[in-house]
$ cat work16.csv   # CSV, C-alpha atoms
chain,number,residue,atom,x,y,z
A,21,MET,CA,50.4,133.6,46.3
A,22,THR,CA,53.8,133.3,44.6
A,23,ALA,CA,57.2,133.9,46.0
A,24,ARG,CA,60.7,133.9,44.6
A,25,GLU,CA,63.9,133.1,46.4
A,26,PRO,CA,67.4,131.9,45.6
A,27,LEU,CA,68.2,128.3,45.2
A,28,ALA,CA,70.6,126.5,47.5
A,29,ARG,CA,74.3,127.6,47.5
A,30,GLY,CA,76.1,126.5,44.4
A,31,SER,CA,73.2,127.0,42.1
A,32,PRO,CA,74.0,128.7,38.8
A,33,PRO,CA,74.1,132.5,38.8
A,34,GLY,CA,70.7,134.2,38.3
A,35,VAL,CA,68.8,131.0,39.2
A,36,GLY,CA,65.9,131.3,41.6
A,37,ARG,CA,62.8,129.4,42.3
A,38,LEU,CA,59.1,130.4,42.0
A,39,ARG,CA,56.4,128.9,44.2
A,40,GLY,CA,52.9,128.5,42.8
A,41,ALA,CA,49.9,126.4,43.4
A,42,GLY,CA,51.7,123.3,42.2
A,43,GLY,CA,54.9,123.7,44.3
A,44,TRP,CA,58.4,125.1,43.6
A,45,MET,CA,59.8,125.7,40.2
A,46,ALA,CA,63.3,126.8,39.4
A,47,LEU,CA,64.1,129.7,37.1
A,48,GLY,CA,67.4,130.5,35.5
A,49,GLN,CA,69.5,131.5,32.5
A,50,GLY,CA,70.3,128.4,30.5
A,51,GLY,CA,70.9,124.8,31.7
A,52,GLY,CA,73.7,124.7,34.3
A,53,GLY,CA,73.8,128.5,34.5
A,54,ALA,CA,75.4,129.1,31.1
A,55,PRO,CA,74.0,132.0,29.1
A,56,CYS,CA,71.7,130.8,26.3
A,57,SER,CA,71.5,133.7,23.8
A,58,GLY,CA,69.3,135.7,26.1
A,59,ARG,CA,66.9,132.8,26.4
A,60,TRP,CA,65.4,131.9,29.7
A,61,HIS,CA,64.5,128.5,31.0
A,62,ALA,CA,62.2,127.1,33.7
A,63,VAL,CA,63.6,123.9,35.2
A,64,ALA,CA,62.0,121.5,37.6
A,65,LEU,CA,63.4,121.5,41.1
A,66,SER,CA,64.8,118.0,41.7
A,67,ALA,CA,68.1,116.6,42.7
A,68,CYS,CA,69.7,118.6,39.9
A,69,ALA,CA,68.1,121.3,37.8
A,70,VAL,CA,67.3,120.1,34.3
A,71,PRO,CA,65.9,122.0,31.3
A,72,PHE,CA,62.0,121.9,31.4
A,73,CYS,CA,60.9,124.3,28.6
A,74,SER,CA,62.1,127.4,26.9
A,75,PHE,CA,60.6,130.8,27.2
A,76,SER,CA,61.3,134.2,25.8
A,77,ARG,CA,61.4,137.1,28.3
A,78,SER,CA,57.8,138.0,27.3
A,79,GLY,CA,56.9,134.3,27.6
A,80,LEU,CA,58.3,134.2,31.1
A,81,LEU,CA,56.3,137.3,32.0
A,82,ALA,CA,53.2,135.7,30.6
A,83,MET,CA,53.8,132.6,32.6
A,84,GLY,CA,54.1,134.7,35.8
A,85,ASN,CA,50.8,136.3,35.0
A,86,LEU,CA,49.2,132.9,34.4
A,87,ILE,CA,50.4,131.7,37.8
A,88,LYS,CA,49.0,134.8,39.4
A,89,VAL,CA,45.7,134.2,37.8
A,90,LEU,CA,45.6,130.5,38.8
A,91,GLY,CA,46.7,131.4,42.3
A,92,LYS,CA,43.9,133.9,42.6
A,93,ASP,CA,41.4,131.5,41.3
A,94,LEU,CA,42.5,128.8,43.7
A,95,GLU,CA,42.4,131.3,46.6
A,96,ASN,CA,39.0,132.7,45.7
A,97,CYS,CA,37.2,129.6,44.7
A,98,PRO,CA,36.6,127.0,47.4
A,99,HIS,CA,37.2,123.4,46.6
A,100,PHE,CA,35.0,121.1,48.6
A,101,PHE,CA,32.4,118.5,47.8
A,102,LEU,CA,28.8,119.5,48.4
A,103,ASP,CA,26.9,116.3,48.9
A,104,PHE,CA,23.6,117.0,47.0
A,105,GLU,CA,22.6,113.3,47.3
A,106,ASN,CA,23.1,112.4,51.0
A,107,ALA,CA,23.5,115.6,53.1
A,108,GLN,CA,21.5,115.3,56.4
A,109,PRO,CA,20.8,118.1,58.8
A,110,THR,CA,22.8,118.5,61.9
A,111,GLU,CA,21.1,119.4,65.2
A,112,ALA,CA,21.9,123.1,64.6
A,113,GLU,CA,20.2,123.0,61.2
A,114,THR,CA,17.2,121.0,62.1
A,115,ALA,CA,14.7,123.8,62.9
A,116,VAL,CA,15.3,125.7,59.6
A,117,TRP,CA,15.6,122.4,57.7
A,118,ASN,CA,12.2,121.2,58.9
A,119,GLN,CA,10.5,124.5,58.0
A,120,VAL,CA,12.0,124.5,54.5
A,121,ASN,CA,11.4,120.8,54.0
A,122,ALA,CA,7.6,121.3,54.6
A,123,VAL,CA,7.6,123.6,51.5
A,124,LEU,CA,9.9,121.5,49.4
A,125,GLU,CA,7.7,118.4,49.9
A,126,GLU,CA,5.0,120.1,47.8
A,127,ALA,CA,7.4,121.2,45.1
A,128,GLN,CA,7.3,118.0,43.1
A,129,THR,CA,3.5,117.9,43.1
A,130,ILE,CA,3.5,121.5,41.9
A,131,LEU,CA,5.9,120.7,39.0
A,132,ALA,CA,3.9,117.6,38.1
A,133,GLU,CA,0.6,119.5,37.9
A,134,LEU,CA,2.3,122.3,35.9
A,135,GLN,CA,3.9,119.9,33.5
A,136,SER,CA,0.5,118.2,32.8
A,137,TYR,CA,-1.4,121.5,32.5
A,138,THR,CA,-3.3,121.3,29.2
A,139,GLY,CA,-5.5,124.3,29.4
A,140,ALA,CA,-9.1,125.0,28.1
A,141,GLY,CA,-8.2,126.4,24.7
A,142,LEU,CA,-10.9,124.5,22.8
A,143,GLU,CA,-13.7,125.5,25.1
A,144,ILE,CA,-12.5,129.2,25.1
A,145,ARG,CA,-12.3,129.3,21.3
A,146,GLU,CA,-15.8,128.0,21.0
A,147,ALA,CA,-17.2,130.4,23.5
A,148,ILE,CA,-15.5,133.4,21.8
A,149,GLN,CA,-16.7,132.3,18.3
A,150,ASN,CA,-20.3,131.9,19.6
A,151,PRO,CA,-20.8,134.8,22.1
A,152,ASN,CA,-24.6,134.4,22.2
A,153,ASP,CA,-24.5,130.6,22.9
A,154,LEU,CA,-25.0,130.6,26.7
A,155,GLN,CA,-24.3,126.8,26.9
A,156,LEU,CA,-20.9,127.3,25.3
A,157,GLN,CA,-20.2,130.2,27.6
A,158,GLU,CA,-21.0,128.1,30.6
A,159,LYS,CA,-18.9,125.2,29.3
A,160,ALA,CA,-15.9,127.4,28.9
A,161,TRP,CA,-16.3,128.9,32.3
A,162,ASN,CA,-16.7,125.5,34.0
A,163,ALA,CA,-13.5,124.3,32.2
A,164,VAL,CA,-11.5,127.4,33.1
A,165,CYS,CA,-12.4,127.7,36.8
A,166,PRO,CA,-10.6,124.6,38.1
A,167,LEU,CA,-7.6,125.5,36.1
A,168,VAL,CA,-7.5,129.0,37.6
A,169,ALA,CA,-7.8,127.4,41.0
A,170,LYS,CA,-4.7,125.4,40.2
A,171,LEU,CA,-2.9,128.5,39.1
A,172,LYS,CA,-3.9,130.1,42.4
A,173,ARG,CA,-2.2,127.2,44.2
A,174,PHE,CA,0.9,127.7,42.2
A,175,TYR,CA,0.9,131.4,43.1
A,176,GLU,CA,0.4,130.8,46.8
A,177,PHE,CA,3.2,128.2,46.7
A,178,SER,CA,5.5,131.0,45.4
A,179,LEU,CA,4.8,133.0,48.6
A,180,ARG,CA,5.6,130.0,50.7
A,181,LEU,CA,8.8,129.5,48.7
A,182,GLU,CA,9.7,133.1,49.3
A,183,ASN,CA,9.5,132.6,53.1
A,184,ALA,CA,11.6,129.4,52.9
A,185,LEU,CA,14.3,131.2,50.9
A,186,ARG,CA,14.4,134.0,53.5
A,187,SER,CA,14.9,131.4,56.3
A,188,LEU,CA,17.8,129.8,54.4
A,189,LEU,CA,19.4,133.2,53.6
A,190,GLU,CA,19.3,134.1,57.3
A,191,ALA,CA,20.9,130.8,58.2
A,192,LEU,CA,23.6,130.8,55.5
A,193,THR,CA,24.7,134.4,55.9
A,194,SER,CA,24.6,134.9,59.7
A,195,PRO,CA,27.8,135.8,61.5
A,196,PRO,CA,30.4,134.8,62.5
A,197,TYR,CA,30.9,132.4,59.6
A,198,ALA,CA,31.7,133.4,56.0
A,199,PRO,CA,29.5,132.0,53.2
A,200,THR,CA,32.0,129.4,52.3
A,201,GLN,CA,32.1,128.1,55.9
A,202,HIS,CA,28.3,128.1,56.1
A,203,LEU,CA,28.0,126.1,52.9
A,204,GLU,CA,30.6,123.6,54.0
A,205,ARG,CA,29.4,123.2,57.5
A,206,GLU,CA,25.6,123.3,56.8
A,207,GLN,CA,25.4,121.1,53.8
A,208,ALA,CA,21.8,120.1,54.4
A,209,LEU,CA,20.6,123.7,54.2
A,210,ALA,CA,22.9,124.3,51.2
A,211,LYS,CA,21.2,121.3,49.5
A,212,GLN,CA,17.8,122.8,50.2
A,213,PHE,CA,18.9,126.1,48.8
A,214,ALA,CA,20.0,124.2,45.7
A,215,GLU,CA,16.6,122.4,45.5
A,216,ILE,CA,14.8,125.7,45.6
A,217,LEU,CA,16.9,126.9,42.6
A,218,HIS,CA,16.3,123.7,40.8
A,219,PHE,CA,12.6,123.9,41.3
A,220,THR,CA,12.6,127.6,40.2
A,221,LEU,CA,14.3,126.9,36.9
A,222,SER,CA,12.1,123.9,36.2
A,223,PHE,CA,8.8,125.8,37.0
A,224,ASP,CA,9.8,128.7,34.9
A,225,GLU,CA,10.8,126.5,32.0
A,226,PHE,CA,7.4,124.7,32.0
A,227,LYS,CA,5.6,128.0,32.3
A,228,MET,CA,7.4,129.7,29.4
A,229,THR,CA,6.6,126.8,27.1
A,230,ASN,CA,2.9,126.6,27.9
A,231,PRO,CA,0.9,129.6,26.5
A,232,ALA,CA,-2.3,128.0,27.8
A,233,ILE,CA,-1.6,129.4,31.2
A,234,GLN,CA,-1.8,133.0,30.1
A,235,ASN,CA,-4.7,132.3,27.7
A,236,ASP,CA,-6.8,130.7,30.4
A,237,PHE,CA,-6.1,133.3,33.0
A,238,SER,CA,-6.8,136.2,30.5
A,239,TYR,CA,-10.2,134.6,29.6
A,240,TYR,CA,-11.0,134.2,33.3
A,241,ARG,CA,-10.2,137.9,34.0
A,242,ARG,CA,-12.2,139.1,31.0
A,243,THR,CA,-15.2,137.0,32.2
A,244,LEU,CA,-14.9,138.5,35.7
A,245,SER,CA,-14.9,142.0,34.3
A,246,ARG,CA,-17.9,141.3,32.2
A,247,ASN,CA,-19.8,139.8,35.2
A,248,ARG,CA,-19.1,142.8,37.3
A,249,ILE,CA,-20.5,145.1,34.6
A,250,ASN,CA,-23.6,142.9,34.4
A,251,ASN,CA,-23.8,142.6,38.2
A,252,LEU,CA,-23.4,138.9,38.1
A,253,GLN,CA,-21.7,136.9,40.8
A,254,LEU,CA,-20.4,133.4,39.9
A,255,GLU,CA,-19.6,130.8,42.5
A,256,ALA,CA,-16.0,130.4,41.4
A,257,GLU,CA,-15.3,134.1,41.9
A,258,SER,CA,-15.3,133.7,45.7
A,259,ASP,CA,-12.2,131.5,45.3
A,260,VAL,CA,-10.3,133.8,43.0
A,261,ASN,CA,-11.8,137.3,43.4
A,262,ASN,CA,-10.7,140.4,41.6
A,263,GLU,CA,-8.0,141.3,44.1
A,264,MET,CA,-6.4,137.9,44.0
A,265,ALA,CA,-6.7,137.9,40.2
A,266,ASN,CA,-4.8,141.1,40.1
A,267,ARG,CA,-1.9,139.7,42.2
A,268,MET,CA,-1.9,136.5,40.1
A,269,SER,CA,-1.9,138.5,36.9
A,270,LEU,CA,1.3,140.3,38.0
A,271,PHE,CA,2.9,137.0,38.8
A,272,TYR,CA,2.1,135.2,35.6
A,273,ALA,CA,2.9,138.3,33.4
A,274,GLU,CA,6.5,137.6,34.2
A,275,ALA,CA,8.4,135.4,31.7
A,276,THR,CA,10.1,133.7,34.7
A,277,PRO,CA,7.7,134.3,37.7
A,278,MET,CA,9.4,132.0,40.2
A,279,LEU,CA,12.8,133.5,39.5
A,280,LYS,CA,11.3,137.0,39.9
A,281,THR,CA,9.9,135.9,43.3
A,282,LEU,CA,13.3,134.7,44.5
A,283,SER,CA,15.0,137.8,43.1
A,284,ASN,CA,12.6,140.1,44.9
A,285,ALA,CA,12.8,138.1,48.1
A,286,THR,CA,16.6,138.2,48.1
A,287,THR,CA,16.7,142.0,47.3
A,288,LYS,CA,14.1,142.5,50.1
A,289,PHE,CA,16.2,140.4,52.5
A,290,VAL,CA,19.3,142.6,51.8
A,291,SER,CA,17.4,145.9,52.2
A,292,GLU,CA,15.8,144.8,55.5
A,293,ASN,CA,19.1,143.6,57.0
A,294,LYS,CA,21.0,146.8,56.8
A,295,THR,CA,23.6,145.6,59.3
A,296,LEU,CA,24.4,142.7,57.0
A,297,PRO,CA,26.7,143.8,54.1
A,298,ILE,CA,25.2,143.0,50.7
A,299,GLU,CA,28.4,141.1,49.9
A,300,ASP,CA,27.5,138.5,52.5
A,301,THR,CA,24.4,137.6,50.5
A,302,THR,CA,26.0,137.8,47.1
A,303,ASP,CA,29.1,135.9,48.2
A,304,CYS,CA,26.8,133.1,49.3
A,305,LEU,CA,25.4,133.0,45.8
A,306,SER,CA,28.8,133.3,44.0
A,307,THR,CA,30.3,130.6,46.3
A,308,MET,CA,27.5,128.2,45.5
A,309,ALA,CA,28.1,128.8,41.7
A,310,CYS,CA,31.8,128.2,42.2
A,311,VAL,CA,31.4,125.0,44.2
A,312,CYS,CA,29.0,123.6,41.5
A,313,ARG,CA,31.5,124.5,38.7
A,314,VAL,CA,34.4,122.9,40.5
A,315,MET,CA,32.4,119.7,41.2
A,316,LEU,CA,31.3,119.5,37.6
A,317,GLU,CA,34.8,119.9,36.2
A,318,THR,CA,36.7,117.8,38.7
A,319,PRO,CA,36.6,114.0,37.9
A,320,GLU,CA,37.2,113.1,41.5
A,321,TYR,CA,34.1,114.9,42.6
A,322,ARG,CA,31.9,113.9,39.6
A,323,SER,CA,32.7,110.2,40.3
A,324,ARG,CA,31.2,110.5,43.8
A,325,PHE,CA,27.8,111.2,42.4
A,326,THR,CA,25.9,107.9,42.3
A,327,ASN,CA,23.0,109.2,40.2
A,328,THR,CA,23.6,110.7,36.7
A,329,GLU,CA,20.6,113.0,37.4
A,330,THR,CA,22.7,114.7,40.1
A,331,LEU,CA,25.0,116.1,37.4
A,332,LEU,CA,22.1,117.8,35.7
A,333,PHE,CA,20.9,118.9,39.1
A,334,CYS,CA,24.3,120.5,39.7
A,335,MET,CA,24.3,122.3,36.4
A,336,ARG,CA,20.8,123.6,36.9
A,337,VAL,CA,21.7,124.9,40.4
A,338,MET,CA,24.9,126.6,39.0
A,339,VAL,CA,22.8,128.4,36.3
A,340,GLY,CA,20.1,129.3,38.8
A,341,VAL,CA,22.4,130.8,41.3
A,342,ILE,CA,24.2,132.8,38.5
A,343,ILE,CA,20.9,134.2,37.3
A,344,LEU,CA,19.9,135.1,40.8
A,345,TYR,CA,23.3,136.7,41.5
A,346,ASP,CA,22.9,138.7,38.2
A,347,HIS,CA,19.5,140.0,39.3
A,348,VAL,CA,20.6,140.9,42.9
A,349,HIS,CA,24.2,142.2,42.5
A,350,PRO,CA,24.5,145.8,41.5
A,351,VAL,CA,26.8,145.1,38.6
A,352,GLY,CA,25.7,141.5,37.9
A,353,ALA,CA,27.5,138.3,37.1
A,354,PHE,CA,29.1,139.2,33.8
A,355,ALA,CA,31.3,142.1,34.8
A,356,LYS,CA,35.0,141.7,35.3
A,357,THR,CA,34.6,142.5,39.0
A,358,SER,CA,32.1,139.6,39.4
A,359,LYS,CA,33.1,136.9,41.8
A,360,ILE,CA,31.7,134.2,39.4
A,361,ASP,CA,34.0,132.7,36.8
A,362,MET,CA,31.5,133.1,34.0
A,363,LYS,CA,33.8,131.8,31.3
A,364,GLY,CA,34.5,128.6,33.4
A,365,CYS,CA,30.8,128.1,34.1
A,366,ILE,CA,29.8,128.5,30.4
A,367,LYS,CA,32.6,126.1,29.4
A,368,VAL,CA,31.4,123.5,31.8
A,369,LEU,CA,28.0,123.6,30.3
A,370,LYS,CA,29.3,123.5,26.7
A,371,ASP,CA,31.4,120.4,27.6
A,372,GLN,CA,28.2,118.5,28.3
A,373,PRO,CA,25.8,117.0,25.7
A,374,SER,CA,23.8,119.9,24.1
A,375,THR,CA,20.5,118.1,24.7
A,376,SER,CA,20.9,118.5,28.5
A,377,THR,CA,22.4,122.0,28.5
A,378,GLU,CA,20.9,124.1,25.6
A,379,GLY,CA,18.0,125.1,27.8
A,380,LEU,CA,20.4,126.2,30.6
A,381,LEU,CA,22.4,128.2,28.1
A,382,ASN,CA,19.2,129.8,26.9
A,383,ALA,CA,18.4,130.7,30.5
A,384,LEU,CA,21.7,132.6,30.7
A,385,ARG,CA,21.0,134.3,27.4
A,386,TYR,CA,17.5,135.4,28.0
A,387,THR,CA,16.7,135.6,31.7
A,388,THR,CA,19.8,137.4,33.1
A,389,ARG,CA,19.8,141.1,33.6
A,390,HIS,CA,23.3,142.3,32.8
A,391,LEU,CA,24.5,140.1,29.9
A,392,ASN,CA,24.1,143.0,27.4
A,393,ASP,CA,25.7,145.6,29.6
A,394,ASP,CA,28.8,147.4,28.3
A,395,THR,CA,30.8,145.8,31.2
A,396,THR,CA,30.3,142.3,29.7
A,397,SER,CA,33.4,141.2,27.8
A,398,LYS,CA,33.1,140.3,24.1
A,399,GLN,CA,34.5,136.8,24.9
A,400,ILE,CA,31.6,136.0,27.3
A,401,ARG,CA,29.1,137.3,24.8
A,402,ALA,CA,30.7,135.2,22.0
A,403,LEU,CA,30.5,132.1,24.2
A,404,LEU,CA,26.8,132.6,24.6
A,405,GLN,CA,26.0,133.3,20.9

$ encode --input "work16.csv" --output "structure tokens"
Amino acid sequence: MTAREPLARGSPPGVGRLRGAGGWMALGQGGGGAPCSGRWHAVALSACAVPFCSFSRSGLLAMGNLIKVLGKDLENCPHFFLDFENAQPTEAETAVWNQVNAVLEEAQTILAELQSYTGAGLEIREAIQNPNDLQLQEKAWNAVCPLVAKLKRFYEFSLRLENALRSLLEALTSPPYAPTQHLEREQALAKQFAEILHFTLSFDEFKMTNPAIQNDFSYYRRTLSRNRINNLQLEAESDVNNEMANRMSLFYAEATPMLKTLSNATTKFVSENKTLPIEDTTDCLSTMACVCRVMLETPEYRSRFTNTETLLFCMRVMVGVIILYDHVHPVGAFAKTSKIDMKGCIKVLKDQPSTSTEGLLNALRYTTRHLNDDTTSKQIRALLQ
């Protein structure tokens, strides 16, 4: 907030002082109160007012608007350090933390298996090119079945992750605390929320760059259909039957299946908790984005990270929560009414080495929902071009 009031008695006529985020600043006509050809001056408030810089009337108005914007940003954006490296659960957080931790312990294994997924492309091609060679058909089937079992584990993990997210949303949006208070008080849960977002972006990135997943699963489904027509029952079919295959097909058909899972889970959480305003959930997301941006652009906070990987983690979390917000909020993250400073977030990413952020910028370009809406400013679109 800004306020204007006269200076002490004896100050030059027309001189007042303006209070902004950085303290008091004196305003007046010319140094020492003398008219200065209609020019206005802002002078630092000290033992005696001295000229600081010269503004035209329009310049003074612009400065006032700037201070209003800065004041609003400081008021709306919380400034606190979210300890992604060392946050430990308090007694009040322990029950939810243990439940979510049991899921997250498996996340790294899932990512490692997905990253090393090579597929059965060679066996499938040979089987397709030689449809009458039963030996090659069996070889392809035996190569694909363990891979599909792995894809099933990935899908089932997404269901567990959905439940974990729901538990965190319940904890981080429950009254009487506001989202900012929750994130600051319950940092261990906020860290787990961040780890889910980090896993989600990583999983979807690996999936999008590995066409073998879709190819293997398509071959498996075609073989299942052919077997049903021929009244054949293969041993592996009992593990991934037609009903499970249908559900998995919907999951892997998404370009970003884990993000879709989180988006649907968050939307479902909002619709099922009708007494909880949707703003409580979306404010939790926008606050997390804001906290990550502030930590990334504030040297004091950045210096507290002991591991350079934490910076990348923080950037991925910021992008993940922006994308989730854009999918869940009715008007998205890019509209002027959004509570996320998209220009600031994009600038933070662009200030980093492109090798570590180009994938994140692409995620904002191609996996958000509202970027191309009419409500998105030309400046934001230009930043992401």

$ atom_distance --input "work16.csv" --atom1 "atom CA of A:Ile343" --atom2 "atom CA of A:Ala402"
18.2 Å

$ closest_atom_pairs --input "work16.csv" --of "stretch 192-305 of chain A" --to "stretch 147-161 of chain A" --cutoff "9 Å" --atoms "only C-alpha atoms" --output "tab-separated table"
residue	atom	partner	partner_atom	distance
A:Tyr239	CA	A:Trp161	CA	8.8
A:Tyr240	CA	A:Trp161	CA	7.6
A:Thr243	CA	A:Trp161	CA	8.2

$ residues_around --input "work16.csv" --residues "A:Gln212" --least-positions-apart "6" --cutoff "8 Å" --atoms "only C-alpha atoms" --output "list in words"
Trp117, Val120 and Asn121 of chain A

$ residues_around --input "work16.csv" --residues "A:Val116" --least-positions-apart "3" --cutoff "8 Å" --atoms "all atoms listed in the file" --output "list in words"
Glu113, Gln119, Val120, Ser187, Leu188, Ala191 and Leu209 of chain A

$ residues_around --input "work16.csv" --residues "A:Gly340" --least-positions-apart "4" --cutoff "8 Å" --atoms "only C-alpha atoms" --output "VMD selection string"
chain A and resid 217 to 218 220 to 221 336 344

$ closest_residue --input "work16.csv" --among "A:Phe237, A:Phe213, A:Phe177, A:Tyr197" --to "A:Cys334" --atoms "all atoms listed in the file"
A:Phe213

$ closest_residue --input "work16.csv" --among "A:Leu279, A:Val314, A:Val348, A:Asn382" --to "A:Asp361" --atoms "all atoms listed in the file"
A:Val314

$ residues_around --input "work16.csv" --residues "A:Lys356" --least-positions-apart "2" --cutoff "12 Å" --atoms "all atoms listed in the file" --output "ChimeraX atom specification"
/A:351-354,358-363,390-391,393-400

$ write_last_selection --input "work16.csv" --atoms "C-alpha atoms" --output "PDB file, in the frame of the given file"
ATOM      1  CA  VAL A 351      26.800 145.100  38.600  1.00  0.00           C
ATOM      2  CA  GLY A 352      25.700 141.500  37.900  1.00  0.00           C
ATOM      3  CA  ALA A 353      27.500 138.300  37.100  1.00  0.00           C
ATOM      4  CA  PHE A 354      29.100 139.200  33.800  1.00  0.00           C
ATOM      5  CA  SER A 358      32.100 139.600  39.400  1.00  0.00           C
ATOM      6  CA  LYS A 359      33.100 136.900  41.800  1.00  0.00           C
ATOM      7  CA  ILE A 360      31.700 134.200  39.400  1.00  0.00           C
ATOM      8  CA  ASP A 361      34.000 132.700  36.800  1.00  0.00           C
ATOM      9  CA  MET A 362      31.500 133.100  34.000  1.00  0.00           C
ATOM     10  CA  LYS A 363      33.800 131.800  31.300  1.00  0.00           C
ATOM     11  CA  HIS A 390      23.300 142.300  32.800  1.00  0.00           C
ATOM     12  CA  LEU A 391      24.500 140.100  29.900  1.00  0.00           C
ATOM     13  CA  ASP A 393      25.700 145.600  29.600  1.00  0.00           C
ATOM     14  CA  ASP A 394      28.800 147.400  28.300  1.00  0.00           C
ATOM     15  CA  THR A 395      30.800 145.800  31.200  1.00  0.00           C
ATOM     16  CA  THR A 396      30.300 142.300  29.700  1.00  0.00           C
ATOM     17  CA  SER A 397      33.400 141.200  27.800  1.00  0.00           C
ATOM     18  CA  LYS A 398      33.100 140.300  24.100  1.00  0.00           C
ATOM     19  CA  GLN A 399      34.500 136.800  24.900  1.00  0.00           C
ATOM     20  CA  ILE A 400      31.600 136.000  27.300  1.00  0.00           C
TER      21      ILE A 400
END

$ residues_around --input "work16.csv" --residues "stretch 305-311 of chain A" --least-positions-apart "4" --cutoff "8 Å" --atoms "all atoms listed in the file" --output "list in words"
Cys97, Pro98, His99, Phe100, Phe101, Leu102, Pro199, Thr200, Leu203, Thr301, Met315, Val337, Met338, Val339, Val341, Ile342, Leu344, Tyr345, Lys359, Ile360 and Asp361 of chain A

$ atom_distance --input "work16.csv" --atom1 "atom CA of A:Phe226" --atom2 "atom CA of A:Ser136"
9.5 Å

$ atom_distance --input "work16.csv" --atom1 "atom CA of A:His347" --atom2 "atom CA of A:Arg389"
5.8 Å

$ closest_residue --input "work16.csv" --among "A:Asp303, A:Glu143, A:Glu176, A:Glu206" --to "A:Ala112" --atoms "only C-alpha atoms"
A:Glu206

$ closest_residue --input "work16.csv" --among "A:Ser238, A:Thr229, A:Ser194, A:Thr114" --to "A:Gln135" --atoms "only C-alpha atoms"
A:Thr229
